[in-house]
Amino acid sequence: MENLKLHDTISFYRKQQNLTQEALAQKLGVTNQSVSKWESAQCYPDISLIPQLADIFGISIDELFGKEPCISGLKDVFSLRDDVIRVVVARGQQIIDIKEINEQILLEIPKREDGQRTRVEVFGNINCKDSIFGDVECQGSIQCSKDIFGNVSSSGNIDCNTIYGDASNFYGTLSCKGDIHGNASTFQGGTISCSNILGNVVHCQGSVTCEKIEGNVEECQGNIIYK
């Protein structure tokens, strides 16, 4: 985990504890927006909050700063929530690291029998030949031949047909041939291109190109381009 920064580890351990950003903010006595900005690397927690963060996550301050592996072995992964799919680098039972992988990972994310959405967390690049039935958080790039039935968050590039959820993009380019059925956000120069946005543009620090936005445009510091 040494290659991960503080914003990565806060997001990772918060989700591991099944805490929402709002719940973590309440425990720390800060606003939801503060936690959101920490995780998007727009700013950092006050140094006085670091010990409290480590206590809430049940880890050391070194682990919070990515100095030690956050998961010791595959048995620890299997003991976590069974509705999360994770891609890691491992040797036997020992996880070496959770990091971006240079080559693409070919995945199939089937629809769950209970109708619930799977959560897909990948520190690498996804190449999915079918639809993804779940929420996706990817630190690399997502190449999806069909649709994504869930929320999407990526620090890389995304290419798919239709997104049936919210879409957030950092740094890279989100290219959606169809519609985004939820809200759309870009951060730190990210771009979104799609047919229509059926929700709101809730944050734009990059550019959004589409035919129509059904909802409202909020917190726009970038460009809205109608094609």
# chains A, B, ... in the order shown; residues from 1 in each chain; ligands from 1
>>> closest_atom_pairs(of="stretch 26-57 of chain A", to="stretch 176-196 of chain A", cutoff="12 Å", atoms="only C-alpha atoms", output="Markdown table")
| residue | atom | partner | partner_atom | distance |
| --- | --- | --- | --- | --- |
| A:Ser36 | CA | A:Phe187 | CA | 11.5 |
| A:Lys37 | CA | A:Phe187 | CA | 10.3 |
| A:Glu39 | CA | A:Phe187 | CA | 11.6 |
| A:Ser40 | CA | A:Phe187 | CA | 7.9 |
| A:Ala41 | CA | A:Gln188 | CA | 9.3 |
| A:Gln42 | CA | A:Gln188 | CA | 8.5 |
>>> atom_distance(atom1="atom CA of A:Ser207", atom2="atom CA of A:Gly222")
5.5 Å
>>> closest_residue(among="A:Glu121, A:Glu113, A:Asp8, A:Glu218", to="A:Asn151", atoms="only C-alpha atoms")
A:Glu121
